[in-house]
>>> print(open('target_36.cif').read())   # mmCIF, C-alpha atoms and all ligand atoms
data_data
#
loop_
_atom_site.label_atom_id
_atom_site.label_comp_id
_atom_site.auth_asym_id
_atom_site.auth_seq_id
_atom_site.Cartn_x
_atom_site.Cartn_y
_atom_site.Cartn_z
CA MET A 14 0.00 0.00 0.00
CA PHE A 15 1.56 3.28 -1.19
CA PHE A 16 -1.15 5.63 0.07
CA GLY A 17 -3.27 4.49 2.97
CA LYS A 18 -6.83 4.29 4.03
CA GLY A 19 -7.66 6.41 7.06
CA HIS A 20 -6.49 9.76 5.64
CA SER A 21 -8.79 12.64 6.54
CA ALA A 22 -9.56 14.23 3.15
CA CYS A 23 -13.20 15.23 2.62
CA TYR A 24 -15.84 12.84 1.27
CA GLY A 25 -15.22 12.47 -2.48
CA CYS A 26 -11.89 14.35 -2.47
CA PRO A 27 -10.11 14.23 -5.84
CA LEU A 28 -6.56 14.49 -4.47
CA PRO A 29 -6.12 10.88 -3.22
CA ILE A 30 -7.49 9.63 -6.56
CA ALA A 31 -4.65 11.38 -8.40
CA VAL A 32 -2.00 10.46 -5.84
CA ARG A 33 -2.68 6.76 -5.59
CA ASN A 34 -2.94 6.30 -9.37
CA VAL A 35 0.43 8.02 -9.89
CA LEU A 36 2.09 6.03 -7.08
CA GLU A 37 0.69 2.76 -8.39
CA ALA A 38 1.79 3.61 -11.95
CA LEU A 39 5.34 4.19 -10.66
CA ASP A 40 5.23 1.08 -8.48
CA GLY A 41 5.76 3.20 -5.38
CA ARG A 42 9.36 3.90 -6.38
CA CYS A 43 8.97 7.54 -5.37
CA PHE A 44 10.44 10.10 -3.02
CA VAL A 45 7.45 12.35 -2.48
CA VAL A 46 7.69 16.07 -1.72
CA ASN A 47 4.45 17.77 -0.74
CA PRO A 48 4.02 21.44 0.16
CA THR A 49 1.37 22.66 2.60
CA GLY A 50 -2.21 22.28 1.38
CA CYS A 51 -5.17 19.93 1.59
CA LEU A 52 -3.19 16.85 0.62
CA GLU A 53 -0.56 17.53 3.25
CA VAL A 54 -2.89 18.35 6.16
CA THR A 55 -5.07 15.31 5.48
CA SER A 56 -2.25 12.79 5.03
CA SER A 57 0.75 13.82 7.12
CA GLN A 58 -0.40 14.84 10.57
CA TYR A 59 2.07 13.69 13.18
CA GLY A 60 1.47 10.07 14.08
CA ARG A 61 -1.18 9.72 11.37
CA SER A 62 0.78 9.51 8.12
CA ALA A 63 -1.08 7.95 5.19
CA TRP A 64 2.12 7.53 3.17
CA GLY A 65 3.62 4.16 2.40
CA VAL A 66 6.47 5.71 0.39
CA PRO A 67 9.25 8.10 1.53
CA TYR A 68 7.60 11.47 2.05
CA ILE A 69 8.63 14.96 3.10
CA HIS A 70 6.43 17.94 3.85
CA SER A 71 8.13 21.13 2.63
CA THR A 72 6.83 24.62 3.35
CA PHE A 73 3.99 26.07 1.26
CA GLU A 74 6.31 27.72 -1.25
CA ASN A 75 9.51 25.71 -1.58
CA ALA A 76 8.60 22.17 -2.72
CA PRO A 77 10.50 22.53 -6.05
CA SER A 78 13.72 23.47 -4.23
CA VAL A 79 13.38 20.63 -1.71
CA ALA A 80 12.77 18.22 -4.60
CA SER A 81 15.82 19.54 -6.46
CA GLY A 82 17.90 19.04 -3.32
CA ILE A 83 16.75 15.43 -2.96
CA SER A 84 17.44 14.78 -6.62
CA TYR A 85 21.03 16.14 -6.33
CA ALA A 86 21.59 14.21 -3.07
CA LEU A 87 20.51 10.94 -4.68
CA GLU A 88 22.88 11.63 -7.55
CA VAL A 89 25.84 12.43 -5.28
CA LEU A 90 25.16 9.32 -3.21
CA GLY A 91 24.86 7.21 -6.36
CA ARG A 92 21.32 6.25 -5.35
CA GLU A 93 19.38 7.79 -8.24
CA ASN A 94 18.14 4.36 -9.34
CA GLU A 95 16.21 3.89 -6.09
CA GLY A 96 13.26 5.96 -7.22
CA TYR A 97 11.84 9.09 -8.80
CA VAL A 98 11.57 12.42 -7.04
CA VAL A 99 7.88 13.37 -7.29
CA VAL A 100 6.23 16.58 -6.12
CA PHE A 101 2.48 16.66 -5.44
CA ALA A 102 1.54 20.31 -5.02
CA GLY A 103 -1.65 22.35 -4.98
CA ASP A 104 -2.40 25.02 -7.58
CA GLY A 105 -1.74 27.81 -5.07
CA ALA A 106 1.65 26.35 -4.17
CA THR A 107 2.48 25.78 -7.84
CA ALA A 108 1.13 28.75 -9.76
CA ASP A 109 1.21 31.44 -7.07
CA ILE A 110 3.42 31.33 -3.98
CA GLY A 111 5.90 28.74 -5.29
CA VAL A 112 5.98 29.88 -8.90
CA GLY A 113 9.45 31.45 -8.62
CA TYR A 114 10.92 28.29 -7.09
CA LEU A 115 9.21 26.18 -9.76
CA SER A 116 10.60 28.46 -12.44
CA SER A 117 14.12 27.97 -11.07
CA MET A 118 13.68 24.21 -10.89
CA LEU A 119 12.44 24.06 -14.49
CA HIS A 120 15.18 26.45 -15.60
CA ARG A 121 17.87 24.19 -14.09
CA ASN A 122 15.97 21.26 -15.62
CA ASP A 123 16.36 19.30 -12.37
CA ASN A 124 15.40 15.65 -12.52
CA VAL A 125 11.98 15.92 -10.85
CA LEU A 126 8.43 14.91 -11.77
CA TYR A 127 6.29 17.86 -10.67
CA ILE A 128 2.57 17.20 -10.41
CA CYS A 129 0.18 20.07 -9.79
CA LEU A 130 -3.12 18.96 -8.23
CA ASP A 131 -5.37 21.76 -9.41
CA ASN A 132 -8.50 22.26 -7.34
CA GLU A 133 -8.61 25.86 -8.54
CA ALA A 134 -8.24 27.67 -5.22
CA TYR A 135 -6.58 27.64 -1.81
CA GLN A 136 -8.91 24.96 -0.54
CA ASN A 137 -7.07 24.09 2.64
CA THR A 138 -7.61 27.57 4.04
CA GLY A 139 -11.21 27.82 2.84
CA ASN A 140 -11.53 28.40 -0.91
CA GLN A 141 -9.64 31.64 -1.57
CA GLN A 142 -9.04 32.38 -5.28
CA SER A 143 -5.76 31.41 -6.89
CA SER A 144 -4.43 32.24 -10.35
CA GLN A 145 -5.90 28.88 -11.42
CA THR A 146 -9.48 29.76 -10.40
CA PHE A 147 -11.72 30.19 -13.44
CA LEU A 148 -13.22 33.51 -14.42
CA GLY A 149 -16.63 33.96 -12.79
CA ALA A 150 -16.11 31.50 -9.92
CA SER A 151 -17.35 32.64 -6.53
CA THR A 152 -14.70 32.09 -3.84
CA THR A 153 -14.30 33.56 -0.36
CA THR A 154 -12.03 36.30 -1.79
CA THR A 155 -14.14 36.82 -4.95
CA PRO A 156 -17.64 36.49 -3.49
CA ALA A 157 -20.36 36.90 -6.11
CA GLY A 158 -22.79 39.66 -5.22
CA ARG A 159 -23.80 43.16 -6.20
CA VAL A 160 -20.22 44.42 -6.45
CA ILE A 161 -18.48 41.63 -8.40
CA PRO A 162 -19.76 38.63 -10.38
CA GLY A 163 -17.18 36.20 -8.92
CA LYS A 164 -13.58 36.13 -10.11
CA THR A 165 -12.85 38.90 -12.61
CA LEU A 166 -9.45 37.75 -13.91
CA ARG A 167 -8.68 34.91 -16.28
CA ARG A 168 -6.63 31.84 -15.48
CA LYS A 169 -2.85 31.79 -15.62
CA ASP A 170 -1.69 29.41 -18.36
CA MET A 171 0.61 26.94 -16.59
CA ILE A 172 1.15 24.80 -19.68
CA ALA A 173 2.59 27.77 -21.55
CA PHE A 174 4.62 28.57 -18.43
CA ALA A 175 6.15 25.09 -18.23
CA LEU A 176 6.78 24.99 -21.99
CA ALA A 177 8.44 28.42 -21.92
CA HIS A 178 11.19 26.89 -19.74
CA GLY A 179 11.98 24.26 -22.38
CA THR A 180 10.69 21.52 -20.03
CA PRO A 181 11.18 18.14 -21.78
CA TYR A 182 7.79 16.71 -20.78
CA VAL A 183 4.65 18.78 -20.13
CA ALA A 184 1.14 17.36 -19.92
CA THR A 185 -2.31 17.86 -18.48
CA SER A 186 -4.57 15.14 -17.14
CA SER A 187 -7.67 14.81 -15.00
CA ILE A 188 -8.92 12.61 -12.18
CA ALA A 189 -11.75 11.71 -14.58
CA PHE A 190 -9.21 9.65 -16.54
CA PRO A 191 -6.97 7.66 -14.18
CA ARG A 192 -5.67 5.51 -17.04
CA ASP A 193 -4.52 8.63 -18.88
CA LEU A 194 -2.85 9.88 -15.69
CA ARG A 195 -1.12 6.53 -15.09
CA ARG A 196 0.21 6.40 -18.63
CA LYS A 197 1.47 9.98 -18.42
CA ALA A 198 3.23 9.39 -15.09
CA LYS A 199 5.03 6.40 -16.61
CA ARG A 200 5.88 8.29 -19.78
CA ALA A 201 7.11 11.32 -17.82
CA VAL A 202 9.74 9.43 -15.84
CA GLU A 203 11.33 8.20 -19.08
CA PHE A 204 12.59 11.77 -19.56
CA VAL A 205 15.73 13.02 -17.85
CA GLY A 206 15.24 16.51 -16.43
CA SER A 207 12.04 18.25 -15.35
CA LYS A 208 8.59 16.84 -16.02
CA TYR A 209 5.39 18.81 -15.37
CA ILE A 210 1.88 17.31 -15.22
CA HIS A 211 -1.12 19.51 -14.39
CA VAL A 212 -4.04 17.45 -13.07
CA HIS A 213 -7.59 18.78 -12.85
CA CYS A 214 -9.06 17.96 -9.41
CA PRO A 215 -12.65 19.17 -8.83
CA CYS A 216 -13.18 19.83 -5.11
CA PRO A 217 -16.72 19.11 -3.85
CA THR A 218 -16.22 21.18 -0.70
CA GLY A 219 -14.96 24.38 -2.31
CA TRP A 220 -16.86 24.19 -5.59
CA HIS A 221 -20.14 23.20 -3.97
CA PHE A 222 -21.30 20.01 -5.60
CA ASP A 223 -22.25 16.62 -4.20
CA PRO A 224 -19.16 14.51 -3.30
CA SER A 225 -20.43 11.62 -5.43
CA LYS A 226 -20.10 13.88 -8.52
CA THR A 227 -16.34 14.57 -8.38
CA VAL A 228 -15.62 12.40 -11.42
CA GLU A 229 -18.60 13.69 -13.39
CA VAL A 230 -17.61 17.33 -12.85
CA ALA A 231 -14.04 16.54 -13.94
CA ARG A 232 -15.36 14.83 -17.07
CA LEU A 233 -17.55 17.84 -17.92
CA ALA A 234 -14.54 20.18 -17.67
CA TYR A 235 -12.89 18.05 -20.36
CA GLU A 236 -16.04 17.62 -22.47
CA THR A 237 -16.60 21.39 -22.64
CA ALA A 238 -12.90 22.01 -23.50
CA LEU A 239 -12.53 24.28 -20.48
CA PHE A 240 -9.82 21.89 -19.30
CA PRO A 241 -7.98 20.51 -22.37
CA ILE A 242 -6.07 17.23 -21.99
CA VAL A 243 -2.79 17.52 -23.88
CA GLU A 244 0.75 16.17 -23.96
CA PHE A 245 4.00 17.83 -25.09
CA GLU A 246 7.38 16.18 -25.57
CA TYR A 247 10.39 18.48 -26.09
CA GLY A 248 7.97 21.34 -26.69
CA ARG A 249 6.06 19.57 -29.43
CA LEU A 250 2.36 18.71 -29.04
CA VAL A 251 2.37 14.91 -29.42
CA ARG A 252 -1.10 13.93 -28.28
CA VAL A 253 -4.48 15.40 -27.28
CA LYS A 254 -7.56 13.73 -25.88
CA LYS A 255 -10.13 14.46 -28.59
CA ILE A 256 -13.69 15.36 -27.60
CA LYS A 257 -16.40 13.40 -29.41
CA ARG A 258 -19.27 15.86 -28.99
CA ARG A 259 -18.18 19.06 -27.32
CA LYS A 260 -20.73 20.35 -24.80
CA PRO A 261 -21.61 24.01 -24.17
CA VAL A 262 -19.86 25.43 -21.08
CA GLU A 263 -23.21 25.85 -19.29
CA GLU A 264 -23.32 22.06 -18.83
CA TYR A 265 -20.19 22.31 -16.67
CA LEU A 266 -21.14 25.54 -14.89
CA LYS A 267 -24.67 24.61 -13.84
CA VAL A 268 -23.63 21.59 -11.75
CA GLN A 269 -21.46 23.69 -9.43
CA GLY A 270 -22.53 26.07 -6.68
CA ARG A 271 -19.54 28.36 -7.32
CA PHE A 272 -21.00 29.32 -10.72
CA ARG A 273 -24.70 29.33 -9.77
CA HIS A 274 -24.92 33.15 -9.68
CA LEU A 275 -23.90 33.39 -13.36
CA PHE A 276 -27.38 32.30 -14.36
CA LYS A 277 -29.03 35.28 -12.65
CA HIS A 278 -26.34 37.97 -12.16
CA PRO A 279 -26.58 40.92 -14.64
CA GLU A 280 -22.94 40.27 -15.62
CA GLY A 281 -23.50 36.50 -15.82
CA GLY A 282 -24.33 36.30 -19.52
CA ARG A 283 -21.18 38.19 -20.47
CA ILE A 284 -19.02 35.88 -18.32
CA ILE A 285 -20.61 32.72 -19.71
CA SER A 286 -19.91 33.87 -23.27
CA GLU A 287 -16.33 34.74 -22.33
CA LEU A 288 -15.90 31.23 -20.84
CA GLN A 289 -17.36 29.76 -24.04
CA ARG A 290 -14.86 31.83 -26.03
CA ILE A 291 -12.01 30.43 -23.89
CA ALA A 292 -13.30 26.89 -24.49
CA ASN A 293 -13.50 27.51 -28.26
CA GLU A 294 -9.98 28.94 -28.18
CA ASN A 295 -8.74 25.77 -26.38
CA ALA A 296 -10.46 23.55 -28.94
CA MET A 297 -8.87 25.50 -31.81
CA ARG A 298 -5.42 25.77 -30.26
CA PHE A 299 -5.11 22.04 -29.52
CA GLY A 300 -7.41 20.61 -32.21
CA LEU A 301 -9.77 18.98 -29.69
CA ASP A 302 -12.92 18.61 -31.80
CA MET B 6 4.19 7.13 19.91
CA ARG B 7 7.94 7.76 19.64
CA ILE B 8 9.11 11.35 19.31
CA SER B 9 12.07 11.68 16.97
CA LEU B 10 14.14 14.54 15.62
CA GLY B 11 12.35 16.47 12.87
CA ALA B 12 8.91 14.97 13.54
CA VAL B 13 9.36 11.73 11.63
CA SER B 14 6.18 9.71 11.23
CA ARG B 15 6.02 5.96 10.58
CA PRO B 16 4.49 4.74 7.30
CA LEU B 17 0.73 4.17 7.09
CA GLU B 18 -0.14 5.18 10.65
CA SER B 19 -3.39 6.46 9.14
CA LEU B 20 -4.66 2.87 9.29
CA ASN B 21 -5.37 3.55 12.98
CA ASP B 22 -8.03 6.07 11.95
CA LYS B 23 -11.15 4.14 11.04
CA THR B 24 -12.81 6.73 8.82
CA GLY B 25 -15.76 4.39 8.27
CA THR B 26 -17.34 6.18 11.23
CA TRP B 27 -17.93 9.18 8.89
CA ALA B 28 -20.29 7.22 6.66
CA VAL B 29 -24.03 7.79 6.56
CA MET B 30 -24.57 5.90 3.31
CA VAL B 31 -22.46 2.93 2.22
CA PRO B 32 -22.09 1.09 -1.08
CA ARG B 33 -23.62 -2.34 -1.48
CA ILE B 34 -22.02 -4.26 -4.34
CA ASP B 35 -24.13 -6.81 -6.18
CA ARG B 36 -21.61 -9.59 -6.76
CA GLU B 37 -23.68 -11.11 -9.57
CA ARG B 38 -23.71 -7.86 -11.52
CA CYS B 39 -20.06 -6.88 -10.81
CA ILE B 40 -17.97 -7.45 -13.96
CA GLY B 41 -14.64 -7.08 -12.14
CA CYS B 42 -13.50 -4.11 -14.23
CA GLY B 43 -11.83 -2.30 -11.32
CA GLU B 44 -13.23 1.16 -12.11
CA CYS B 45 -14.44 1.64 -8.52
CA TYR B 46 -11.04 0.52 -7.27
CA MET B 47 -9.28 3.19 -9.32
CA PHE B 48 -11.65 5.99 -8.35
CA CYS B 49 -12.23 5.35 -4.63
CA PRO B 50 -10.65 8.35 -2.84
CA ASP B 51 -10.38 6.33 0.34
CA CYS B 52 -8.51 3.41 -1.17
CA CYS B 53 -10.97 1.02 0.41
CA ILE B 54 -12.06 -1.13 -2.51
CA GLU B 55 -10.20 -4.35 -3.12
CA MET B 56 -10.54 -6.55 -6.20
CA VAL B 57 -10.91 -10.19 -5.21
CA GLN B 58 -10.29 -13.13 -7.51
CA GLU B 59 -12.33 -16.25 -6.78
CA ASP B 60 -12.21 -19.16 -9.22
CA ARG B 61 -13.02 -17.49 -12.52
CA LYS B 62 -14.91 -14.54 -11.04
CA ARG B 63 -13.27 -11.20 -10.15
CA TYR B 64 -15.25 -8.80 -8.03
CA ALA B 65 -14.98 -5.69 -5.85
CA VAL B 66 -15.17 -5.77 -2.06
CA VAL B 67 -15.53 -2.69 0.20
CA ASP B 68 -13.64 -2.19 3.44
CA TYR B 69 -16.39 -0.63 5.57
CA ASP B 70 -13.90 0.21 8.34
CA TYR B 71 -12.65 3.07 6.14
CA CYS B 72 -15.36 3.78 3.53
CA LYS B 73 -16.67 7.35 4.04
CA GLY B 74 -19.67 6.74 1.82
CA CYS B 75 -18.98 9.42 -0.79
CA GLY B 76 -20.82 7.47 -3.48
CA ILE B 77 -18.21 7.85 -6.22
CA CYS B 78 -17.90 4.08 -6.74
CA SER B 79 -21.63 3.85 -7.33
CA GLU B 80 -21.47 6.71 -9.89
CA VAL B 81 -18.58 5.27 -11.91
CA CYS B 82 -19.66 1.60 -11.98
CA PRO B 83 -20.38 0.78 -15.65
CA ALA B 84 -22.42 -2.31 -14.68
CA ASN B 85 -24.72 -0.50 -12.24
CA ALA B 86 -23.71 -3.01 -9.60
CA ILE B 87 -23.25 -0.57 -6.72
CA GLU B 88 -26.15 0.84 -4.76
CA MET B 89 -25.80 3.31 -1.89
CA VAL B 90 -27.73 2.23 1.19
CA GLU B 91 -28.06 3.64 4.67
CA LYS B 92 -25.34 2.48 7.04
CA VAL B 93 -26.64 0.37 9.89
CA ILE B 94 -24.68 0.75 13.11
CA GLU B 95 -24.98 -2.11 15.57
C1 LIG C 1 3.89 31.03 3.61
C2 LIG C 1 2.52 30.52 3.90
N1 LIG C 1 1.46 31.30 3.65
C3 LIG C 1 0.20 30.85 3.90
C4 LIG C 1 0.01 29.60 4.42
C5 LIG C 1 -1.39 29.12 4.71
N2 LIG C 1 -1.82 28.11 3.76
C6 LIG C 1 -1.68 26.80 4.00
S1 LIG C 1 -2.23 25.83 2.77
C7 LIG C 1 -2.75 27.19 1.90
C8 LIG C 1 -3.45 27.05 0.58
C9 LIG C 1 -3.05 25.88 -0.24
O1 LIG C 1 -3.58 26.02 -1.52
P1 LIG C 1 -3.15 25.06 -2.68
O2 LIG C 1 -1.68 25.08 -2.87
O3 LIG C 1 -3.97 25.37 -3.87
O4 LIG C 1 -3.51 23.60 -2.12
P2 LIG C 1 -4.98 23.03 -1.76
O5 LIG C 1 -5.13 23.14 -0.29
O6 LIG C 1 -5.98 23.82 -2.52
O7 LIG C 1 -4.92 21.61 -2.21
C10 LIG C 1 -2.45 28.37 2.58
C11 LIG C 1 -2.77 29.73 2.10
C12 LIG C 1 1.15 28.81 4.69
N3 LIG C 1 1.05 27.57 5.19
N4 LIG C 1 2.39 29.29 4.44
S1 LIG C 2 -11.37 20.88 0.50
FE1 LIG C 2 -11.47 19.86 -1.50
S2 LIG C 2 -9.36 19.32 -2.03
FE2 LIG C 2 -9.42 19.82 0.16
S3 LIG C 2 -9.63 17.83 1.21
FE3 LIG C 2 -11.70 18.68 0.88
S4 LIG C 2 -12.39 17.86 -1.10
FE4 LIG C 2 -10.17 17.56 -0.96
S1 LIG C 3 -18.54 5.16 -1.18
FE1 LIG C 3 -16.66 6.37 -1.62
S2 LIG C 3 -15.27 5.79 0.07
FE2 LIG C 3 -16.87 4.21 0.01
S3 LIG C 3 -16.05 2.58 -1.30
FE3 LIG C 3 -17.31 3.95 -2.61
S4 LIG C 3 -15.82 5.40 -3.48
FE4 LIG C 3 -14.82 4.43 -1.69
MG MG C 4 -5.71 24.40 -4.50
#
>>> encode(input="target_36.cif", output="structure tokens", more="lines below")
Ligand SMILES: Cc1ncc(C[n+]2csc(CCOP(=O)(O)OP(=O)(O)O)c2C)c(N)n1
Ligand code: SF4
Ligand code: SF4
Ligand SMILES: [Mg+2]
Amino acid sequence: MFFGKGHSACYGCPLPIAVRNVLEALDGRCFVVNPTGCLEVTSSQYGRSAWGVPYIHSTFENAPSVASGISYALEVLGRENEGYVVVFAGDGATADIGVGYLSSMLHRNDNVLYICLDNEAYQNTGNQQSSQTFLGASTTTTPAGRVIPGKTLRRKDMIAFALAHGTPYVATSSIAFPRDLRRKAKRAVEFVGSKYIHVHCPCPTGWHFDPSKTVEVARLAYETALFPIVEFEYGRLVRVKKIKRRKPVEEYLKVQGRFRHLFKHPEGGRIISELQRIANENAMRFGLD
Amino acid sequence: MRISLGAVSRPLESLNDKTGTWAVMVPRIDRERCIGCGECYMFCPDCCIEMVQEDRKRYAVVDYDYCKGCGICSEVCPANAIEMVEKVIE
């Protein structure tokens, strides 16, 4: 057992789904680095660790640097064949507070598999917006109401960010497709240097949907092209997960409480069409249809 | 519990926490209908489904000591073999 029962993540939490599928794909041959966030607080409390593989909790911001250090230490000790250095980090840790450290790690092309578990906000501290939160989403720092219609900024493009560093392997995946995630984890570790996988992880608690629907919500994000599933090797797009019949973005929005206001707010219509435009842009850019 | 330098935990101590006490609803798997595909195994966030091989039949079994009753297994089962029922506490 690489990741144990008895962890304290919420009912229907997406994070353990991603973690255990990656660990199983890599046969548990992993040195895991995990910055502060939901995954860490629910799996690494003192005396209650859910980890069956070597694990270190870094601070919120510095997981990439800790991972780089482990990777160099293994090399110096001649132990690099014992396992892969794998980071599991939240979107806040990855795209916001730790983005400089991640940039340095990717720039040095350190031998680390970095996995961002994107639940689109700072969920551990109560659903504050991050740069990964979608336009229009209501969070505790972008509360929908008379003043603002939810988040007013668009999402930071972490795929472009990782590619801009010349990262040898860059991919997205989703907890809706564990087989895709397993294959990508295995493929990633065939590359020497930095590997970046961005995994979509719908959070029932922060996004306000029933915990039994975690997988369905993740699937809708893919089916509407709001979360494209793509794979780049040495900067070249090598594979995309095609969408058979692309759905309108409303199908994804209407099943989540964080977007409920869009259907009655005066600004809602404008935001929905902007989200549809983003989805269309994704479909065009990656050839998803 | 042993206190060590740098707060080192032992592996899998989480097994002491029987999260099954959280459950209100629990999955009931119809063994006849189960096709042994392992979808529920892959999706269970609480790692509490095990695939069991018996003669020529493979089927899913739930560990109720840890199942929180989220209902994901029931949603993803392609054979409609998992029904959520109220948990009975003796
Ligand atoms: C330097 C620092 N600032 C703030 C915090 C408080 N904090 C802990 S976890 C967290 C949010 C984590 O968000 P994310 O990385 O997206 O992970 P999630 O919990 O959503 O999985 C915050 C703000 C902290 N631990 N350290
Ligand atoms: S808040 Fe969301 S991501 Fe965090 S433990 Fe709960 S379900 Fe998982
Ligand atoms: S109800 Fe949830 S926790 Fe229980 S076995 Fe099904 S997926 Fe796992
Ligand atoms: Mg987050």
>>> residues_around(input="target_36.cif", residues="segment 67-81 of chain A", least_positions_apart="6", cutoff="7 Å", atoms="only C-alpha atoms", output="ChimeraX atom specification")
/A:43-49,98,100,106,110-111,114-115,118,123,125
>>> closest_atom_pairs(input="target_36.cif", of="chain A", to="ligand LIG 2 (chain C)", cutoff="12 Å", atoms="only C-alpha atoms and all ligand atoms", output="CSV")
residue,atom,partner,partner_atom,distance
A:His20,CA,C:LIG2,S3,9.7
A:Ser21,CA,C:LIG2,S3,7.5
A:Ala22,CA,C:LIG2,S3,4.1
A:Cys23,CA,C:LIG2,FE3,4.1
A:Tyr24,CA,C:LIG2,S4,6.5
A:Gly25,CA,C:LIG2,S4,6.2
A:Cys26,CA,C:LIG2,S4,3.8
A:Pro27,CA,C:LIG2,FE4,5.9
A:Leu28,CA,C:LIG2,FE4,5.9
A:Pro29,CA,C:LIG2,FE4,8.1
A:Ile30,CA,C:LIG2,FE4,10.1
A:Ala31,CA,C:LIG2,FE4,11.1
A:Val32,CA,C:LIG2,FE4,11.9
A:Thr49,CA,C:LIG2,FE2,11.4
A:Gly50,CA,C:LIG2,FE2,7.7
A:Cys51,CA,C:LIG2,FE2,4.5
A:Leu52,CA,C:LIG2,S3,6.5
A:Glu53,CA,C:LIG2,S3,9.3
A:Val54,CA,C:LIG2,S3,8.4
A:Thr55,CA,C:LIG2,S3,6.7
A:Ser56,CA,C:LIG2,S3,9.7
A:Ala102,CA,C:LIG2,S2,11.3
A:Gly103,CA,C:LIG2,S2,8.8
A:Asp104,CA,C:LIG2,S2,10.6
A:Gly105,CA,C:LIG2,S2,11.8
A:Leu130,CA,C:LIG2,S2,8.8
A:Asp131,CA,C:LIG2,S2,8.7
A:Asn132,CA,C:LIG2,S2,6.1
A:Glu133,CA,C:LIG2,S2,9.3
A:Ala134,CA,C:LIG2,S2,9.0
A:Tyr135,CA,C:LIG2,FE2,8.5
A:Gln136,CA,C:LIG2,S1,4.9
A:Asn137,CA,C:LIG2,FE2,5.5
A:Thr138,CA,C:LIG2,S1,8.5
A:Gly139,CA,C:LIG2,S1,7.3
A:Asn140,CA,C:LIG2,S1,7.7
A:Gln141,CA,C:LIG2,S1,11.1
A:His213,CA,C:LIG2,S2,11.0
A:Cys214,CA,C:LIG2,S2,7.5
A:Pro215,CA,C:LIG2,FE1,7.5
A:Cys216,CA,C:LIG2,FE1,4.0
A:Pro217,CA,C:LIG2,S4,5.3
A:Thr218,CA,C:LIG2,FE1,5.0
A:Gly219,CA,C:LIG2,S1,5.7
A:Trp220,CA,C:LIG2,FE1,8.0
A:His221,CA,C:LIG2,FE1,9.6
A:Phe222,CA,C:LIG2,S4,10.2
A:Asp223,CA,C:LIG2,S4,10.4
A:Pro224,CA,C:LIG2,S4,7.9
A:Ser225,CA,C:LIG2,S4,11.1
A:Lys226,CA,C:LIG2,S4,11.4
A:Thr227,CA,C:LIG2,S4,8.9
>>> closest_residue(input="target_36.cif", among="A:Phe276, A:Tyr182, A:Phe101, A:Phe147", to="ligand LIG 1 (chain C)", atoms="only C-alpha atoms and all ligand atoms")
A:Phe101
>>> interface_residues(input="target_36.cif", of="chain B", to="chain A", cutoff="6 Å", atoms="only C-alpha atoms", output="list in words")
Ser14, Pro16, Leu17, Glu18, Ser19, Leu20, Asp22, Lys23, Thr24, Phe48, Pro50, Asp51, Cys52, Cys75, Gly76 and Ile77 of chain B
>>> axis_aligned_box(input="target_36.cif", around="segment 160-165 of chain A", padding_each_side="5 Å", output="JSON")
{"center_x": -16.5, "center_y": 40.3, "center_z": -9.5, "size_x": 17.4, "size_y": 18.3, "size_z": 16.2}
>>> atom_distance(input="target_36.cif", atom1="atom CA of Met56 of chain B", atom2="atom CA of Lys92 of chain B")
21.8 Å
>>> atom_distance(input="target_36.cif", atom1="atom CA of Arg249 of chain A", atom2="atom CA of Thr237 of chain A")
23.7 Å
>>> closest_residue(input="target_36.cif", among="B:Val29, B:Ile94, B:Leu10, B:Cys39", to="ligand LIG 3 (chain C)", atoms="all atoms listed in the file")
B:Val29
>>> residues_near_point(input="target_36.cif", point="(-13.2, -14.8, -9.6)", cutoff="12 Å", atoms="all atoms listed in the file", output="ChimeraX atom specification")
/B:36-37,39-42,56-66
>>> residues_around(input="target_36.cif", residues="Ala86 of chain B", least_positions_apart="4", cutoff="6 Å", atoms="only C-alpha atoms", output="count of residues only")
4
>>> residues_around(input="target_36.cif", residues="Tyr247 of chain A", least_positions_apart="4", cutoff="9 Å", atoms="all atoms listed in the file", output="PyMOL selection string")
chain A and resi 176+179-183
>>> write_last_selection(input="target_36.cif", atoms="C-alpha atoms", output="mmCIF file, in the frame of the given file")
data_model
loop_
_atom_site.group_PDB
_atom_site.id
_atom_site.type_symbol
_atom_site.label_atom_id
_atom_site.label_comp_id
_atom_site.auth_asym_id
_atom_site.auth_seq_id
_atom_site.Cartn_x
_atom_site.Cartn_y
_atom_site.Cartn_z
ATOM 1 C CA LEU A 176 6.780 24.990 -21.990
ATOM 2 C CA GLY A 179 11.980 24.260 -22.380
ATOM 3 C CA THR A 180 10.690 21.520 -20.030
ATOM 4 C CA PRO A 181 11.180 18.140 -21.780
ATOM 5 C CA TYR A 182 7.790 16.710 -20.780
ATOM 6 C CA VAL A 183 4.650 18.780 -20.130
#
>>> closest_residue(input="target_36.cif", among="A:Gln269, A:Thr155, A:Gln142, A:Gln289", to="ligand MG 4 (chain C)", atoms="all atoms listed in the file")
A:Gln142
>>> atom_distance(input="target_36.cif", atom1="atom CA of Ser187 of chain A", atom2="atom CA of Glu93 of chain A")
28.8 Å
>>> closest_residue(input="target_36.cif", among="A:Tyr209, A:Arg232, A:Leu250, A:His278", to="Glu264 of chain A", atoms="all atoms listed in the file")
A:Arg232
>>> residues_around(input="target_36.cif", residues="Ser286 of chain A", least_positions_apart="5", cutoff="12 Å", atoms="only C-alpha atoms", output="list in words")
Leu148, Gly149, Pro261, Val262, Glu263, Leu266, Leu275, Phe276, Glu280, Gly281, Ile291, Ala292 and Asn293 of chain A
>>> closest_residue(input="target_36.cif", among="A:Ile128, A:Leu36, A:Leu87, A:Ala238", to="ligand LIG 1 (chain C)", atoms="all atoms listed in the file")
A:Ile128
